[in-house]
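Structure, as structure tokens:
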Amino acid sequence: MTSTIHPTAVIDSNARIGNGVNIGAYCVIGPDVWLHDNVTLKPHVVLDGDTEIGSGTIVYSFASIGAAPQDLKYNGEKTKLVIGKNNVIREHVTMNPGTVQGGGETRVGDNSLFMVGVHVAHDCQLGNNIVMANNATLAGHVHVGNNVIIGGLSAVHQWIRIGDFAIIGGMSGVENDVIPFGRVKGERAFLDGLNIIGMERNGFTKDQIKAAQRAFNELFGEQDTLEQRLQKAATDYASEEAVMRIVEFARNKTKFPLCAPSRKQKAA
């Protein structure tokens, strides 16, 4: 399939352009950019750096993809940004490549929606089927699982992990790791339960959801230590997929503690 390129687009001769690519007016594409088949660039998109965009992805006007990381340690090293298939990247989105200190690569999965003004910083690792609403931002080194929703105007602190099927409420400041299926909200975000609607939409049965709710209450109770509660959950709910995902995530703690229910919520 022949690509369609507007005559006002500025494309470096070394850029790799696949079949069926549609490049709109006034786009600027650097020498190390690789567009796979059927990528669409709306007018005024800027693609820079060592950036790869998977087939079927659409990038809307005024997005800046692949520009140098916003990190004072970055000194022009060769690093990458890899974006998967069938993503929708809306107006004014920014995504940066990795840094040497963070492994050298920012990676975005497939089938995600990045609404207006979203920022994905250096060295972030994103899964598939993610929705980031308007002006949501990820600081450097953030890991986001599959099927996650991040509400508008939310900000995620560097190095934070967000587990599969989690949902982050709008205008939340996320400073601690969010468990899989977690529902988080608040100016300084706290865990407000499980993402029940998300679980239902993704095929979890009523019995599985009830088991996950019981395990959640036990894991964030006040008896024993967290490790003891995790061990008990791993024994009592060994056959429950959702619970075991939470247990595994919690046991793989890295830099930050788990986002937990607020004291006010517990008191209520």
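Just remember, in the structure tokens the first chain shown is A, the second B, etc., residues are 1-based per chain, and ligands are 1-based in the order shown.
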Practice problem: Extract, using only C-alpha atoms, all DNA, RNA and protein residues at most 7 Å from A:His157, discarding same-chain residues fewer than 5 positions from it, and format them as a list in words. | Solution: Leu138, Ala139, Val174 and Glu175 of chain A
Keeping C-alpha atoms, export the residues of the selection given above as a CSV table (one decimal), in the first residue's frame.
```
chain,number,residue,atom,x,y,z
A,138,LEU,CA,4.0,10.1,34.5
A,139,ALA,CA,7.4,11.0,35.9
A,174,VAL,CA,0.3,9.0,43.3
A,175,GLU,CA,3.3,8.7,45.6
```
Self-check item: Secondary structure check, alpha helix (DSSP H) residues of stretch 177-233 of chain A, as a ChimeraX atom specification
Solution: /A:196-201,206-219,226-233
Go ahead and write the residues just picked, N, CA and C atoms, as a PDB file, in the first residue's frame.
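Result written to part_22.pdb:
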```pdb
ATOM      1  N   ILE A 196     -13.870  -2.718  41.096  1.00  0.00           N
ATOM      2  CA  ILE A 196     -14.875  -3.761  40.867  1.00  0.00           C
ATOM      3  C   ILE A 196     -15.446  -3.685  39.450  1.00  0.00           C
ATOM      4  N   ILE A 197     -15.755  -2.478  39.008  1.00  0.00           N
ATOM      5  CA  ILE A 197     -16.326  -2.329  37.666  1.00  0.00           C
ATOM      6  C   ILE A 197     -15.339  -2.829  36.618  1.00  0.00           C
ATOM      7  N   GLY A 198     -14.079  -2.488  36.776  1.00  0.00           N
ATOM      8  CA  GLY A 198     -13.063  -2.963  35.842  1.00  0.00           C
ATOM      9  C   GLY A 198     -12.945  -4.474  35.842  1.00  0.00           C
ATOM     10  N   MET A 199     -13.055  -5.087  37.016  1.00  0.00           N
ATOM     11  CA  MET A 199     -12.995  -6.544  37.101  1.00  0.00           C
ATOM     12  C   MET A 199     -14.187  -7.175  36.387  1.00  0.00           C
ATOM     13  N   GLU A 200     -15.373  -6.605  36.602  1.00  0.00           N
ATOM     14  CA  GLU A 200     -16.574  -7.137  35.940  1.00  0.00           C
ATOM     15  C   GLU A 200     -16.449  -7.031  34.428  1.00  0.00           C
ATOM     16  N   ARG A 201     -15.965  -5.895  33.949  1.00  0.00           N
ATOM     17  CA  ARG A 201     -15.839  -5.675  32.507  1.00  0.00           C
ATOM     18  C   ARG A 201     -14.807  -6.596  31.874  1.00  0.00           C
ATOM     19  N   LYS A 206     -18.469 -13.137  39.822  1.00  0.00           N
ATOM     20  CA  LYS A 206     -18.869 -12.588  41.117  1.00  0.00           C
ATOM     21  C   LYS A 206     -18.126 -13.252  42.264  1.00  0.00           C
ATOM     22  N   ASP A 207     -17.955 -14.559  42.171  1.00  0.00           N
ATOM     23  CA  ASP A 207     -17.237 -15.271  43.232  1.00  0.00           C
ATOM     24  C   ASP A 207     -15.778 -14.837  43.300  1.00  0.00           C
ATOM     25  N   GLN A 208     -15.153 -14.649  42.144  1.00  0.00           N
ATOM     26  CA  GLN A 208     -13.760 -14.183  42.134  1.00  0.00           C
ATOM     27  C   GLN A 208     -13.643 -12.786  42.726  1.00  0.00           C
ATOM     28  N   ILE A 209     -14.597 -11.934  42.414  1.00  0.00           N
ATOM     29  CA  ILE A 209     -14.568 -10.573  42.936  1.00  0.00           C
ATOM     30  C   ILE A 209     -14.793 -10.568  44.448  1.00  0.00           C
ATOM     31  N   LYS A 210     -15.726 -11.398  44.930  1.00  0.00           N
ATOM     32  CA  LYS A 210     -15.957 -11.484  46.375  1.00  0.00           C
ATOM     33  C   LYS A 210     -14.715 -11.983  47.106  1.00  0.00           C
ATOM     34  N   ALA A 211     -14.033 -12.971  46.529  1.00  0.00           N
ATOM     35  CA  ALA A 211     -12.804 -13.475  47.139  1.00  0.00           C
ATOM     36  C   ALA A 211     -11.743 -12.382  47.181  1.00  0.00           C
ATOM     37  N   ALA A 212     -11.628 -11.614  46.111  1.00  0.00           N
ATOM     38  CA  ALA A 212     -10.646 -10.528  46.068  1.00  0.00           C
ATOM     39  C   ALA A 212     -10.970  -9.465  47.108  1.00  0.00           C
ATOM     40  N   GLN A 213     -12.256  -9.175  47.319  1.00  0.00           N
ATOM     41  CA  GLN A 213     -12.647  -8.193  48.325  1.00  0.00           C
ATOM     42  C   GLN A 213     -12.304  -8.678  49.739  1.00  0.00           C
ATOM     43  N   ARG A 214     -12.565  -9.968  50.005  1.00  0.00           N
ATOM     44  CA  ARG A 214     -12.222 -10.506  51.331  1.00  0.00           C
ATOM     45  C   ARG A 214     -10.712 -10.425  51.557  1.00  0.00           C
ATOM     46  N   ALA A 215      -9.956 -10.822  50.542  1.00  0.00           N
ATOM     47  CA  ALA A 215      -8.497 -10.791  50.666  1.00  0.00           C
ATOM     48  C   ALA A 215      -8.000  -9.355  50.851  1.00  0.00           C
ATOM     49  N   PHE A 216      -8.609  -8.429  50.127  1.00  0.00           N
ATOM     50  CA  PHE A 216      -8.228  -7.022  50.261  1.00  0.00           C
ATOM     51  C   PHE A 216      -8.402  -6.556  51.707  1.00  0.00           C
ATOM     52  N   ASN A 217      -9.544  -6.850  52.298  1.00  0.00           N
ATOM     53  CA  ASN A 217      -9.803  -6.434  53.681  1.00  0.00           C
ATOM     54  C   ASN A 217      -8.798  -7.044  54.646  1.00  0.00           C
ATOM     55  N   GLU A 218      -8.403  -8.273  54.397  1.00  0.00           N
ATOM     56  CA  GLU A 218      -7.431  -8.931  55.271  1.00  0.00           C
ATOM     57  C   GLU A 218      -6.020  -8.363  55.063  1.00  0.00           C
ATOM     58  N   LEU A 219      -5.662  -8.126  53.799  1.00  0.00           N
ATOM     59  CA  LEU A 219      -4.308  -7.634  53.510  1.00  0.00           C
ATOM     60  C   LEU A 219      -4.071  -6.250  54.087  1.00  0.00           C
ATOM     61  N   LEU A 226       2.610  -6.960  57.450  1.00  0.00           N
ATOM     62  CA  LEU A 226       2.188  -7.107  56.058  1.00  0.00           C
ATOM     63  C   LEU A 226       2.685  -8.421  55.478  1.00  0.00           C
ATOM     64  N   GLU A 227       3.904  -8.792  55.763  1.00  0.00           N
ATOM     65  CA  GLU A 227       4.440 -10.039  55.220  1.00  0.00           C
ATOM     66  C   GLU A 227       3.656 -11.243  55.732  1.00  0.00           C
ATOM     67  N   GLN A 228       3.259 -11.206  56.985  1.00  0.00           N
ATOM     68  CA  GLN A 228       2.439 -12.298  57.521  1.00  0.00           C
ATOM     69  C   GLN A 228       1.067 -12.334  56.850  1.00  0.00           C
ATOM     70  N   ARG A 229       0.499 -11.159  56.610  1.00  0.00           N
ATOM     71  CA  ARG A 229      -0.806 -11.112  55.941  1.00  0.00           C
ATOM     72  C   ARG A 229      -0.685 -11.595  54.498  1.00  0.00           C
ATOM     73  N   LEU A 230       0.414 -11.249  53.841  1.00  0.00           N
ATOM     74  CA  LEU A 230       0.640 -11.728  52.476  1.00  0.00           C
ATOM     75  C   LEU A 230       0.788 -13.247  52.443  1.00  0.00           C
ATOM     76  N   GLN A 231       1.497 -13.788  53.399  1.00  0.00           N
ATOM     77  CA  GLN A 231       1.681 -15.233  53.453  1.00  0.00           C
ATOM     78  C   GLN A 231       0.346 -15.942  53.674  1.00  0.00           C
ATOM     79  N   LYS A 232      -0.460 -15.386  54.558  1.00  0.00           N
ATOM     80  CA  LYS A 232      -1.781 -15.977  54.814  1.00  0.00           C
ATOM     81  C   LYS A 232      -2.657 -15.921  53.566  1.00  0.00           C
ATOM     82  N   ALA A 233      -2.627 -14.776  52.859  1.00  0.00           N
ATOM     83  CA  ALA A 233      -3.418 -14.649  51.641  1.00  0.00           C
ATOM     84  C   ALA A 233      -2.948 -15.629  50.573  1.00  0.00           C
TER      85      ALA A 233
END
```
Practice problem: Would you mind telling me which residue in A:Val28, A:Val21, A:Val108, A:Leu81 lies nearest to A:Ser55 when using only C-alpha atoms? | Solution: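 Selected residue with least distance to A:Ser55: A:Val21.
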Quiz item: Could you name the residues that touch A:Gly103 at 12 Å or less, counting only C-alpha atoms, but leaving out those on the same chain fewer than 6 positions away, as a ChimeraX atom specification?
Solution: /A:77-81,97,122-125,140-141
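Compared by their closest atoms to A:Val247, and using only C-alpha atoms, the residues A:Gly203, A:Pro180, A:Lys185, A:Asp32 rank with A:Pro180 nearest.
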Exercise. In Å, rounded to a single decimal, give me how far atom CA of A:Val243 is from atom CA of A:Arg107.
Key: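 Calculated distance between atom CA of A:Arg107 and atom CA of A:Val243 is 27.1 Å.
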Practice problem: For A:Ser154, list every protein, DNA or RNA residue within 8 Å, evaluated using only C-alpha atoms, and leave out those in the same chain fewer than 2 positions away; present the list as a ChimeraX atom specification. | Solution: /A:135-137,150-152,156,168-174
Practice problem: Extract the full set of strand (DSSP E) residues from stretch 22-170 of chain A according to DSSP on the backbone, and format it as a PyMOL selection string. | Solution: chain A and resi 22-23+28-29+33-35+40-41+46-47+50-53+58-59+64-65+80-83+88-89+94-95+105-108+113-114+119-120+125-126+131-132+137-138+143-144+149-150+155-156+161-162+167-168
Quiz prompt | A:Tyr60, A:Val33, A:Thr235, A:Lys42 ranked by distance to A:Ile5, top pick (using only C-alpha atoms) | solution = A:Lys42
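Here atom CA of A:Gly127 stands at a distance of 15.8 Å from atom CA of A:Asp177.
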Practice problem: Go ahead and compute the interatomic distance for atom CA of A:Asn129 and atom CA of A:Ala166, in Å to one decimal. | Solution: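 Value for the atom CA of A:Asn129-atom CA of A:Ala166 distance: 11.8 Å.
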